[in-house]
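Below is one structure, written out as structure tokens; the observations come after it.
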Amino acid sequence: MAEKVIVSREKLVAVADAIRQKTNTISSLTLDDIPAQIASIKGDSPVINYDGEYVVTPKTTAQTLETSQRFLEKNVEIKEIPYFETSNLAGGETVYIAKEIE
């Protein structure tokens, strides 16, 4: 059961008025309308889309994906760390971790 609280009419009217001001509307709002109306309010800042790589392979040097304050259309996929073994001239094995073999 939902918790009941007492909210003054003036505060509810103030919230509704703020929503109407931000959405540039004059329609009446019910309590059920308020969450959807708030969700529809766009911020003052423009949305900047992320235009970097969405599939990344770890390297031996530091990497930064410039995602801060950006809108991503999908998850970034981090591939497994490259790992290769090859025979070497000394008769042993050489292991390459996070490095491409040329």
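Letters A, B, ... go to the chains of the structure tokens in the order shown; residues in each chain start at 1; ligands are counted from 1 in the same order.
Residues lying within 9 Å of A:Ile34, counting only C-alpha atoms and ignoring same-chain neighbours fewer than 6 positions away, are A:Val15, A:Ala16, A:Ile19.
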Query raised in the report: Using only C-alpha atoms, which residues sit within 8 Å of A:Thr60 once same-chain residues fewer than 2 positions away are excluded, as an MDAnalysis selection string?
Result: chainID A and resid 58 62 98:99
Query - Selected residue, from A:Lys22, A:Lys11, A:Lys42, A:Lys59, that lies nearest to A:Ile78 when counting only C-alpha atoms - result: A:Lys59
Query raised in the report: Taking into account only C-alpha atoms, which residue in the set A:Arg70, A:Thr86, A:Val13, A:Ile41 is nearest to A:Ser28?
Result: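 For A:Ser28, the nearest of the candidates is A:Val13.
Here atom CA of A:Tyr54 stands at a distance of 27.7 Å from atom CA of A:Val95.
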Query raised in the report: atom CA of A:Gln69 and atom CA of A:Ile48, how far apart in Å?
Result: 7.3 Å
Query raised in the report: If you count only C-alpha atoms, which residues fall within 12 Å of A:Tyr50, apart from same-chain ones fewer than 6 positions away, as number ranges by chain?
Result: A: 65-76
Write the residues of the preceding selection, restricted to N, CA and C atoms, as a short mmCIF file (atom, residue, chain, number, x, y, z; two decimals), in the first residue's frame.
```cif
data_model
loop_
_atom_site.label_atom_id
_atom_site.label_comp_id
_atom_site.auth_asym_id
_atom_site.auth_seq_id
_atom_site.Cartn_x
_atom_site.Cartn_y
_atom_site.Cartn_z
N LEU A 65 37.67 6.92 -23.48
CA LEU A 65 36.53 7.11 -24.37
C LEU A 65 35.85 8.40 -23.92
N GLU A 66 35.75 9.35 -24.80
CA GLU A 66 35.20 10.66 -24.46
C GLU A 66 33.67 10.59 -24.37
N THR A 67 33.18 10.01 -23.28
CA THR A 67 31.74 9.82 -23.10
C THR A 67 31.11 10.78 -22.10
N SER A 68 31.92 11.56 -21.41
CA SER A 68 31.39 12.45 -20.39
C SER A 68 30.43 13.46 -21.00
N GLN A 69 29.24 13.57 -20.40
CA GLN A 69 28.20 14.51 -20.84
C GLN A 69 27.76 14.25 -22.28
N ARG A 70 27.85 13.00 -22.73
CA ARG A 70 27.44 12.62 -24.08
C ARG A 70 26.31 11.60 -24.01
N PHE A 71 25.47 11.60 -25.04
CA PHE A 71 24.39 10.62 -25.16
C PHE A 71 24.90 9.44 -25.98
N LEU A 72 24.85 8.25 -25.39
CA LEU A 72 25.27 7.04 -26.09
C LEU A 72 24.04 6.31 -26.60
N GLU A 73 24.08 5.89 -27.86
CA GLU A 73 22.95 5.19 -28.46
C GLU A 73 22.88 3.72 -28.05
N LYS A 74 24.02 3.18 -27.61
CA LYS A 74 24.07 1.78 -27.20
C LYS A 74 25.24 1.60 -26.24
N ASN A 75 25.37 0.42 -25.68
CA ASN A 75 26.47 0.13 -24.76
C ASN A 75 27.80 0.08 -25.51
N VAL A 76 28.87 0.44 -24.82
CA VAL A 76 30.21 0.27 -25.36
C VAL A 76 30.64 -1.16 -25.05
#
```
Report task. Using DSSP on the backbone, list every residue of stretch 54-98 of chain A that comes out as strand (DSSP E or B), and give them as a list in words. Result ->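 Residues of stretch 54-98 of chain A classed as strand (DSSP E or B): Val55, Val56, Phe71, Glu77, Ile78, Tyr83, Phe84, Glu85, Thr86, Ser87, Glu93, Thr94, Val95, Tyr96 and Ile97 of chain A.
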Residue subset to file, keeping C-alpha atoms, as a compact mmCIF listing (two decimals), in the first residue's frame:
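File produced: out06.txt:
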```
# COMPACT_ATOMS: atom_id res chain seq x y z
CA VAL A 55 33.70 -1.59 -29.80
CA VAL A 56 37.06 -1.24 -28.06
CA PHE A 71 24.39 10.62 -25.16
CA GLU A 77 31.59 -3.24 -25.89
CA ILE A 78 35.04 -3.95 -24.41
CA TYR A 83 46.60 -12.94 -26.11
CA PHE A 84 48.92 -14.78 -28.52
CA GLU A 85 51.59 -17.46 -28.08
CA THR A 86 54.27 -18.13 -30.69
CA SER A 87 57.40 -20.25 -30.89
CA GLU A 93 57.27 -19.73 -26.41
CA THR A 94 56.76 -15.99 -26.60
CA VAL A 95 53.52 -14.65 -25.17
CA TYR A 96 51.98 -11.42 -26.40
CA ILE A 97 49.42 -9.85 -24.08
```
